[in-house]
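**Student:** Next comes entry-v5.tsv, TSV, C-alpha atoms and all ligand atoms:
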```
chain	number	residue	atom	x	y	z
K	1	MET	CA	-13.89	10.90	-89.43
K	2	ASP	CA	-11.42	12.03	-86.77
K	3	ASP	CA	-11.96	15.07	-84.55
K	4	ALA	CA	-9.88	17.42	-86.63
K	5	HIS	CA	-11.84	16.51	-89.72
K	6	LEU	CA	-15.16	16.86	-87.94
K	7	GLN	CA	-14.12	20.30	-86.73
K	8	GLN	CA	-13.05	21.27	-90.20
K	9	GLU	CA	-16.34	19.99	-91.60
K	10	SER	CA	-18.45	21.93	-89.13
K	11	ARG	CA	-16.38	25.07	-89.66
K	12	HIS	CA	-16.88	24.66	-93.38
K	13	ARG	CA	-20.64	24.30	-92.93
K	14	ALA	CA	-20.72	27.25	-90.55
K	15	ASP	CA	-18.80	29.30	-93.14
K	16	LYS	CA	-21.52	28.61	-95.64
K	17	GLU	CA	-24.45	29.41	-93.37
K	18	LEU	CA	-26.24	32.50	-94.57
K	19	VAL	CA	-26.97	34.85	-91.66
K	20	MET	CA	-27.71	38.15	-93.34
K	21	GLU	CA	-29.19	38.91	-96.72
K	22	ILE	CA	-29.38	42.45	-98.04
K	23	VAL	CA	-31.70	42.68	-101.04
K	24	ASN	CA	-31.81	45.77	-103.23
K	25	VAL	CA	-31.74	48.28	-100.37
K	26	THR	CA	-32.35	51.91	-101.25
K	27	LYS	CA	-32.54	55.00	-99.07
K	28	SER	CA	-33.77	58.43	-100.09
K	29	LEU	CA	-34.09	61.41	-97.83
K	30	PRO	CA	-35.78	64.74	-98.45
K	31	LEU	CA	-33.44	67.69	-98.73
K	32	GLY	CA	-35.46	70.87	-99.03
K	33	ARG	CA	-37.79	70.24	-101.96
K	34	GLU	CA	-35.43	67.71	-103.52
K	35	LYS	CA	-34.86	64.09	-102.65
K	36	VAL	CA	-31.36	62.76	-102.19
K	37	GLU	CA	-30.78	59.16	-103.07
K	38	ILE	CA	-28.23	57.97	-100.57
K	39	LEU	CA	-28.33	54.22	-101.27
K	40	LYS	CA	-29.20	53.17	-104.80
K	41	GLY	CA	-29.82	49.42	-104.63
K	42	ILE	CA	-27.38	47.53	-102.42
K	43	SER	CA	-27.42	43.72	-102.38
K	44	PHE	CA	-25.02	41.28	-100.73
K	45	GLN	CA	-25.01	38.31	-98.38
K	46	VAL	CA	-23.09	37.61	-95.20
K	47	HIS	CA	-22.19	34.17	-93.87
K	48	ARG	CA	-21.80	33.14	-90.25
K	49	GLY	CA	-18.44	34.05	-88.76
K	50	GLU	CA	-17.47	36.26	-91.67
K	51	PHE	CA	-15.67	39.56	-91.24
K	52	VAL	CA	-16.96	42.02	-93.84
K	53	SER	CA	-15.59	45.52	-94.14
K	54	ILE	CA	-17.51	48.34	-95.77
K	55	VAL	CA	-15.18	50.85	-97.38
K	56	GLY	CA	-15.54	53.83	-99.70
K	57	PRO	CA	-15.19	57.61	-99.82
K	58	SER	CA	-16.70	59.96	-97.27
K	59	GLY	CA	-20.39	60.51	-97.99
K	60	SER	CA	-20.74	57.31	-100.05
K	61	GLY	CA	-23.41	55.87	-97.70
K	62	LYS	CA	-21.51	53.52	-95.35
K	63	SER	CA	-23.02	54.76	-92.07
K	64	THR	CA	-26.48	54.93	-93.63
K	65	LEU	CA	-26.14	51.31	-94.72
K	66	LEU	CA	-24.89	50.13	-91.32
K	67	GLY	CA	-27.79	51.88	-89.59
K	68	ILE	CA	-30.20	49.92	-91.78
K	69	LEU	CA	-28.37	46.61	-91.20
K	70	ALA	CA	-28.48	47.20	-87.45
K	71	GLY	CA	-32.23	47.86	-87.54
K	72	LEU	CA	-31.74	51.44	-86.34
K	73	ASP	CA	-33.01	52.92	-89.58
K	74	THR	CA	-35.41	51.69	-92.28
K	75	PRO	CA	-34.67	51.51	-96.00
K	76	SER	CA	-36.92	53.29	-98.53
K	77	SER	CA	-37.18	50.00	-100.39
K	78	GLY	CA	-35.57	46.58	-100.30
K	79	ARG	CA	-35.17	44.05	-97.53
K	80	VAL	CA	-32.73	42.99	-94.83
K	81	LEU	CA	-33.10	39.40	-93.66
K	82	ILE	CA	-31.43	38.25	-90.47
K	83	ASP	CA	-31.48	34.48	-90.04
K	84	GLY	CA	-34.19	34.44	-92.71
K	85	THR	CA	-36.45	37.02	-91.02
K	86	ASP	CA	-37.11	40.37	-92.68
K	87	ILE	CA	-36.30	43.08	-90.12
K	88	THR	CA	-37.48	45.95	-92.31
K	89	HIS	CA	-41.18	45.31	-91.71
K	90	MET	CA	-41.16	44.50	-88.01
K	91	THR	CA	-42.99	46.30	-85.27
K	92	GLU	CA	-40.69	48.49	-83.19
K	93	SER	CA	-41.00	46.21	-80.14
K	94	LYS	CA	-40.13	43.07	-82.11
K	95	LEU	CA	-37.25	44.87	-83.75
K	96	ALA	CA	-35.98	46.08	-80.39
K	97	ALA	CA	-35.92	42.46	-79.21
K	98	VAL	CA	-33.97	41.37	-82.32
K	99	ARG	CA	-31.49	44.22	-81.81
K	100	ASN	CA	-31.02	43.36	-78.16
K	101	SER	CA	-30.52	39.63	-78.70
K	102	LYS	CA	-28.77	39.41	-82.07
K	103	ILE	CA	-26.97	42.63	-82.92
K	104	GLY	CA	-24.20	44.41	-81.05
K	105	VAL	CA	-23.42	47.91	-82.30
K	106	VAL	CA	-20.40	50.14	-81.91
K	107	PHE	CA	-21.51	53.48	-83.36
K	108	GLN	CA	-20.01	56.85	-82.68
K	109	ALA	CA	-23.49	58.29	-82.23
K	110	TYR	CA	-24.28	55.58	-79.65
K	111	ASN	CA	-21.86	56.70	-77.05
K	112	LEU	CA	-21.35	55.48	-73.55
K	113	ILE	CA	-23.60	56.88	-70.84
K	114	ALA	CA	-21.53	59.61	-69.16
K	115	THR	CA	-22.91	59.14	-65.64
K	116	LEU	CA	-22.30	55.39	-65.52
K	117	THR	CA	-19.06	53.52	-64.84
K	118	ALA	CA	-17.45	51.25	-67.44
K	119	GLN	CA	-18.95	48.24	-65.72
K	120	GLU	CA	-22.46	49.75	-65.56
K	121	ASN	CA	-22.31	50.76	-69.23
K	122	VAL	CA	-21.62	47.14	-70.20
K	123	GLU	CA	-24.43	45.92	-67.89
K	124	VAL	CA	-27.12	48.16	-69.45
K	125	PRO	CA	-28.16	45.87	-72.37
K	126	LEU	CA	-28.38	42.95	-69.96
K	127	TYR	CA	-31.21	44.58	-68.04
K	128	VAL	CA	-33.26	44.65	-71.24
K	129	GLY	CA	-34.82	41.32	-72.27
K	130	LYS	CA	-33.90	37.95	-70.81
K	131	HIS	CA	-30.27	36.97	-70.39
K	132	VAL	CA	-28.57	34.20	-68.50
K	133	GLY	CA	-26.31	34.86	-65.53
K	134	SER	CA	-25.64	37.95	-63.50
K	135	PRO	CA	-25.13	41.24	-65.41
K	136	SER	CA	-22.35	42.24	-63.06
K	137	ALA	CA	-20.33	39.04	-63.54
K	138	ARG	CA	-20.88	39.16	-67.31
K	139	ALA	CA	-19.76	42.81	-67.50
K	140	LYS	CA	-16.59	42.00	-65.53
K	141	GLU	CA	-15.86	39.07	-67.81
K	142	LEU	CA	-16.25	41.19	-70.95
K	143	LEU	CA	-14.20	44.07	-69.61
K	144	ALA	CA	-11.47	41.53	-68.83
K	145	LEU	CA	-11.72	40.29	-72.41
K	146	VAL	CA	-11.03	43.80	-73.72
K	147	GLY	CA	-8.22	44.35	-71.20
K	148	LEU	CA	-10.02	46.75	-68.87
K	149	SER	CA	-10.28	44.83	-65.58
K	150	HIS	CA	-8.42	47.69	-63.91
K	151	ARG	CA	-10.93	50.32	-65.09
K	152	LEU	CA	-14.29	48.90	-63.93
K	153	SER	CA	-15.30	51.92	-61.86
K	154	HIS	CA	-14.07	54.60	-64.23
K	155	ARG	CA	-16.64	56.79	-65.92
K	156	PRO	CA	-16.21	57.64	-69.64
K	157	ASN	CA	-14.55	61.00	-68.94
K	158	GLN	CA	-12.00	59.15	-66.82
K	159	LEU	CA	-11.10	56.84	-69.71
K	160	SER	CA	-8.94	57.43	-72.80
K	161	GLY	CA	-10.53	57.39	-76.26
K	162	GLY	CA	-9.20	53.89	-76.93
K	163	GLU	CA	-10.46	52.66	-73.55
K	164	GLN	CA	-13.92	54.12	-74.22
K	165	GLN	CA	-13.97	52.39	-77.58
K	166	ARG	CA	-13.07	49.10	-75.83
K	167	VAL	CA	-15.92	49.60	-73.34
K	168	ALA	CA	-18.25	50.16	-76.32
K	169	ILE	CA	-17.02	46.90	-77.85
K	170	ALA	CA	-17.53	45.05	-74.54
K	171	ARG	CA	-21.04	46.51	-74.34
K	172	ALA	CA	-21.76	45.41	-77.93
K	173	LEU	CA	-20.81	41.85	-76.94
K	174	ALA	CA	-22.75	41.82	-73.66
K	175	THR	CA	-25.85	40.00	-74.87
K	176	ASP	CA	-23.76	37.54	-76.89
K	177	PRO	CA	-25.14	38.78	-80.24
K	178	ALA	CA	-24.53	36.87	-83.47
K	179	PHE	CA	-23.45	40.10	-85.20
K	180	VAL	CA	-21.24	42.97	-84.28
K	181	ILE	CA	-21.81	46.01	-86.48
K	182	ALA	CA	-19.24	48.76	-86.01
K	183	ASP	CA	-18.94	52.18	-87.66
K	184	GLU	CA	-15.32	53.40	-87.76
K	185	PRO	CA	-14.23	51.63	-84.56
K	186	THR	CA	-10.72	53.03	-84.93
K	187	GLY	CA	-11.76	56.51	-86.08
K	188	ASN	CA	-10.58	59.28	-83.73
K	189	LEU	CA	-7.87	57.03	-82.31
K	190	ASP	CA	-4.13	57.42	-82.74
K	191	ALA	CA	-2.24	54.72	-84.66
K	192	ASN	CA	-1.31	52.83	-81.48
K	193	ASN	CA	-4.81	52.68	-80.03
K	194	GLY	CA	-6.23	51.91	-83.46
K	195	GLU	CA	-3.84	48.97	-83.70
K	196	HIS	CA	-4.99	47.73	-80.26
K	197	ILE	CA	-8.65	47.83	-81.25
K	198	LEU	CA	-7.81	46.03	-84.45
K	199	GLN	CA	-5.95	43.27	-82.59
K	200	LEU	CA	-8.86	43.03	-80.19
K	201	ILE	CA	-11.36	42.62	-83.02
K	202	SER	CA	-9.38	39.84	-84.68
K	203	GLN	CA	-8.85	38.10	-81.32
K	204	LEU	CA	-12.58	38.35	-80.51
K	205	ARG	CA	-13.40	37.00	-83.88
K	206	ASP	CA	-11.19	33.95	-83.32
K	207	GLN	CA	-12.51	33.42	-79.78
K	208	THR	CA	-16.20	34.01	-80.36
K	209	GLY	CA	-16.78	33.12	-84.04
K	210	LYS	CA	-19.10	36.14	-84.33
K	211	THR	CA	-19.94	37.85	-87.58
K	212	PHE	CA	-18.37	41.30	-87.90
K	213	ILE	CA	-19.50	44.04	-90.28
K	214	ILE	CA	-17.28	47.08	-89.98
K	215	ALA	CA	-17.26	50.37	-91.88
K	216	THR	CA	-13.80	51.80	-91.97
K	217	HIS	CA	-11.40	54.20	-93.66
K	218	ASP	CA	-8.55	52.19	-92.19
K	219	PRO	CA	-6.81	50.16	-94.94
K	220	ILE	CA	-5.32	47.84	-92.30
K	221	ILE	CA	-8.77	46.78	-91.02
K	222	ALA	CA	-10.08	46.40	-94.55
K	223	ALA	CA	-7.07	44.21	-95.41
K	224	GLN	CA	-7.91	41.87	-92.51
K	225	ALA	CA	-11.52	41.38	-93.54
K	226	ASP	CA	-12.62	38.29	-95.48
K	227	ARG	CA	-14.30	40.64	-97.94
K	228	ALA	CA	-14.19	44.37	-98.44
K	229	ILE	CA	-17.33	45.85	-99.98
K	230	ARG	CA	-16.58	49.17	-101.62
K	231	ILE	CA	-19.47	51.62	-101.76
K	232	VAL	CA	-19.20	54.55	-104.15
K	233	ASP	CA	-22.05	57.03	-104.47
K	234	GLY	CA	-24.62	54.69	-102.89
K	235	ARG	CA	-23.77	51.66	-105.01
K	236	ILE	CA	-21.47	48.68	-104.62
K	237	ALA	CA	-18.47	49.47	-106.81
K	238	GLU	CA	-16.59	46.25	-106.04
K	239	ILE	CA	-16.29	43.39	-103.59
K	240	VAL	CA	-12.75	42.26	-102.94
K	241	ALA	CA	-11.78	39.08	-101.09
K	242	ARG	CA	-8.75	39.02	-98.78
K	243	ASP	CA	-6.76	37.11	-101.38
K	244	GLY	CA	-7.36	39.99	-103.78
K	245	ALA	CA	-9.94	38.24	-105.98
K	246	ASP	CA	-12.60	40.60	-107.29
K	247	LEU	CA	-15.92	38.89	-106.42
K	248	SER	CA	-18.18	41.54	-107.89
K	249	LYS	CA	-17.64	40.54	-111.51
C	1	LIG	N1	-30.55	63.22	-92.73
C	1	LIG	C1	-29.99	63.38	-93.92
C	1	LIG	N2	-30.59	64.15	-94.86
C	1	LIG	C2	-30.04	64.31	-96.07
C	1	LIG	N3	-28.89	63.76	-96.47
C	1	LIG	C3	-28.25	63.00	-95.58
C	1	LIG	C4	-28.75	62.76	-94.26
C	1	LIG	N4	-27.90	61.95	-93.61
C	1	LIG	C5	-26.89	61.67	-94.47
C	1	LIG	N5	-27.09	62.31	-95.64
C	1	LIG	C6	-26.21	62.26	-96.83
C	1	LIG	O1	-26.05	60.90	-97.21
C	1	LIG	C7	-24.76	60.67	-97.72
C	1	LIG	C8	-24.17	59.42	-97.08
C	1	LIG	O2	-23.89	59.68	-95.70
C	1	LIG	P1	-23.19	58.60	-94.79
C	1	LIG	O3	-23.08	59.18	-93.43
C	1	LIG	O4	-23.88	57.30	-94.94
C	1	LIG	O5	-21.75	58.50	-95.49
C	1	LIG	P2	-20.44	57.72	-95.04
C	1	LIG	O6	-20.05	56.86	-96.20
C	1	LIG	O7	-20.67	57.04	-93.74
C	1	LIG	O8	-19.39	58.89	-94.91
C	1	LIG	P3	-18.15	59.04	-93.89
C	1	LIG	O9	-17.05	58.16	-94.45
C	1	LIG	O10	-17.80	60.48	-94.00
C	1	LIG	O11	-18.59	58.62	-92.52
C	1	LIG	C9	-23.98	61.93	-97.49
C	1	LIG	O12	-23.86	62.61	-98.72
C	1	LIG	C10	-24.81	62.73	-96.52
C	1	LIG	O13	-24.69	64.09	-96.74
C	2	MG	MG	-19.86	57.31	-91.83
```
Once more with this new file: its structure as structure tokens, please.
**Tutor:**
Amino acid sequence: MDDAHLQQESRHRADKELVMEIVNVTKSLPLGREKVEILKGISFQVHRGEFVSIVGPSGSGKSTLLGILAGLDTPSSGRVLIDGTDITHMTESKLAAVRNSKIGVVFQAYNLIATLTAQENVEVPLYVGKHVGSPSARAKELLALVGLSHRLSHRPNQLSGGEQQRVAIARALATDPAFVIADEPTGNLDANNGEHILQLISQLRDQTGKTFIIATHDPIIAAQADRAIRIVDGRIAEIVARDGADLSK
């Protein structure tokens, strides 16, 4: 086999490699004396290098689901397997190690640290756990990747919304995680900045081969994903591939 074929082969195999398995995940929360069922049995699988978007109306359960996939929240029942390991029954310290090494998150609730510069914010995850190389060099490299080499010493309040979002993306990539899980990465941004973040995500995906799971209201992001999983009222309503095929039937 020639090189091109070998590459194609290995890409094909990589495409098929199962990296995340979500099995019948439910989430209920108490509301006064009642219980609200937020997720009502969600199951799907993600393959290495895939870009999956999670779409659906406001309040349908997207952020709740992402929190569970990122190991920041636990389901009421069901399992989430990452590389074959169930993360829903891990001790907090083991889970913290998995989060640090395998999962990069860009969540609006996980904002940048206001007193630190852009560079320091990206360095933070590298001081937790074991990582190769110098945090400072790695942070500079990542900020260059997101086009912010000229903003290393700026603190969050000295950065635009789009720039802050790019720092958050650089920080999510710092530990070279297999997954990047992002909740509305273009929310709160104007069309131009949103477009920049979108280009950045697709460029990072090509350059790093990472697996992206992104909740979004943005039809342009959803259209770029390999699959869009539509959640309605805590259930998967449909799964649509980029070519328009409905995979949920
Ligand atoms: N702590 C909580 N207690 C009770 N209900 C909650 C709690 N957190 C979220 N919910 C409810 O769960 C539902 C799903 O919320 P979630 O944030 O996952 O929706 P979403 O799809 O991300 O919405 P949006 O598109 O507006 O971000 C909502 O109806 C919300 O009111
Ligand atoms: Mg949300």
**Student:** Out of K:Val55, K:Leu204, K:Ala170, K:Leu159, which residue has the shortest atom-to-atom distance to ligand MG 2 (chain C) when counting all atoms listed in the file?
**Tutor:** K:Val55
**Student:** Return as a list in words the residues of protein, DNA or RNA that approach ligand LIG 1 (chain C) to within 6 Å, with all atoms listed in the file taken into account.
**Tutor:**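 Protein and nucleic-acid residues within 6 Å of ligand LIG 1 (chain C): Leu29, Leu31, Ile38, Pro57, Ser58, Gly59, Ser60, Gly61, Lys62, Ser63 and Thr64 of chain K.
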**Student:** Quick one: of K:Gly78, K:Gly194, K:Gly187, K:Gly49, who's nearest to ligand MG 2 (chain C), counting all atoms listed in the file?
**Tutor:** K:Gly187
**Student:** Pick the closest to K:Val240 from K:Val128, K:Ile201, K:Ala118, K:Ile54: which is it, counting only C-alpha atoms?
**Tutor:**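 Closest to K:Val240, using only C-alpha atoms: K:Ile54.
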**Student:** With only C-alpha atoms as the atoms that count, which of K:Glu17, K:Glu123, K:Glu195, K:Asp183 lies nearest to K:Glu50?
**Tutor:**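 Counting only C-alpha atoms, the residue closest to K:Glu50 is K:Glu17.
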**Student:** Can you find the residues with an atom no farther than 8 Å from (-30.1, 44.8, -100.6), counting all atoms listed in the file, and report them as a list in words?
**Tutor:** Glu21, Ile22, Val23, Asn24, Val25, Thr26, Gly41, Ile42, Ser43, Phe44, Gly78, Arg79 and Val80 of chain K
**Student:** May I ask for the distance between atom CA of K:Ser101 and atom CA of K:Pro75, given in Å to one decimal place?
**Tutor:** 21.4 Å
**Student:** Could you check which of K:Ile221, K:Ala114, K:His196, K:Asp73 is closest to K:Val52, using all atoms listed in the file?
**Tutor:**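 Result for the nearest residue to K:Val52: K:Ile221.
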**Student:** Rank K:Thr88, K:Ser76, K:His131, K:Arg171 by their smallest atom-to-atom distance to K:Thr117, using all atoms listed in the file, and report the top residue only.
**Tutor:**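 Looking at the shortest contact to K:Thr117, the residue is K:Arg171.
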**Student:** Compile the contact shell of K:Asn157 as a ChimeraX atom specification: residues with an atom at most 12 Å away, counting all atoms listed in the file, same-chain residues fewer than 6 positions apart removed.
**Tutor:** /K:111-118,151,163-164
**Student:** Output C-alpha atoms of each residue in that selection to a file, as a PDB file, in the frame of the given file.
**Tutor:**
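Result file selection.pdb:
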```
ATOM      1  CA  ASN K 111     -21.860  56.700 -77.050  1.00  0.00           C
ATOM      2  CA  LEU K 112     -21.350  55.480 -73.550  1.00  0.00           C
ATOM      3  CA  ILE K 113     -23.600  56.880 -70.840  1.00  0.00           C
ATOM      4  CA  ALA K 114     -21.530  59.610 -69.160  1.00  0.00           C
ATOM      5  CA  THR K 115     -22.910  59.140 -65.640  1.00  0.00           C
ATOM      6  CA  LEU K 116     -22.300  55.390 -65.520  1.00  0.00           C
ATOM      7  CA  THR K 117     -19.060  53.520 -64.840  1.00  0.00           C
ATOM      8  CA  ALA K 118     -17.450  51.250 -67.440  1.00  0.00           C
ATOM      9  CA  ARG K 151     -10.930  50.320 -65.090  1.00  0.00           C
ATOM     10  CA  GLU K 163     -10.460  52.660 -73.550  1.00  0.00           C
ATOM     11  CA  GLN K 164     -13.920  54.120 -74.220  1.00  0.00           C
TER      12      GLN K 164
END
```
**Student:** Neighbouring residues of K:Thr85 were defined as those with any atom within 12 Å, considering only C-alpha atoms; residues of the same chain fewer than 2 positions away were excluded. Please report them as a PyMOL selection string.
**Tutor:** chain K and resi 18-22+79-83+87-90+94-95+98
**Student:** Need to verify the contact set: K:Ser149, 12 Å, only C-alpha atoms, exclusion of same-chain residues closer than 6 positions in sequence. Can you return it as a ChimeraX atom specification?
**Tutor:** /K:118-119,137,139-143,163,166-167,170
**Student:** For atom CA of K:Asp233 and atom CA of K:Glu34, determine how far apart the two atoms are, in Å to one decimal place.
**Tutor:**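 Value for the atom CA of K:Asp233-atom CA of K:Glu34 distance: 17.1 Å.
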**Student:** Using Å and a single decimal, report how far atom CA of K:Val122 sits from atom CA of K:Ser136.
**Tutor:**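 That distance, rounded to one decimal, is 8.7 Å.
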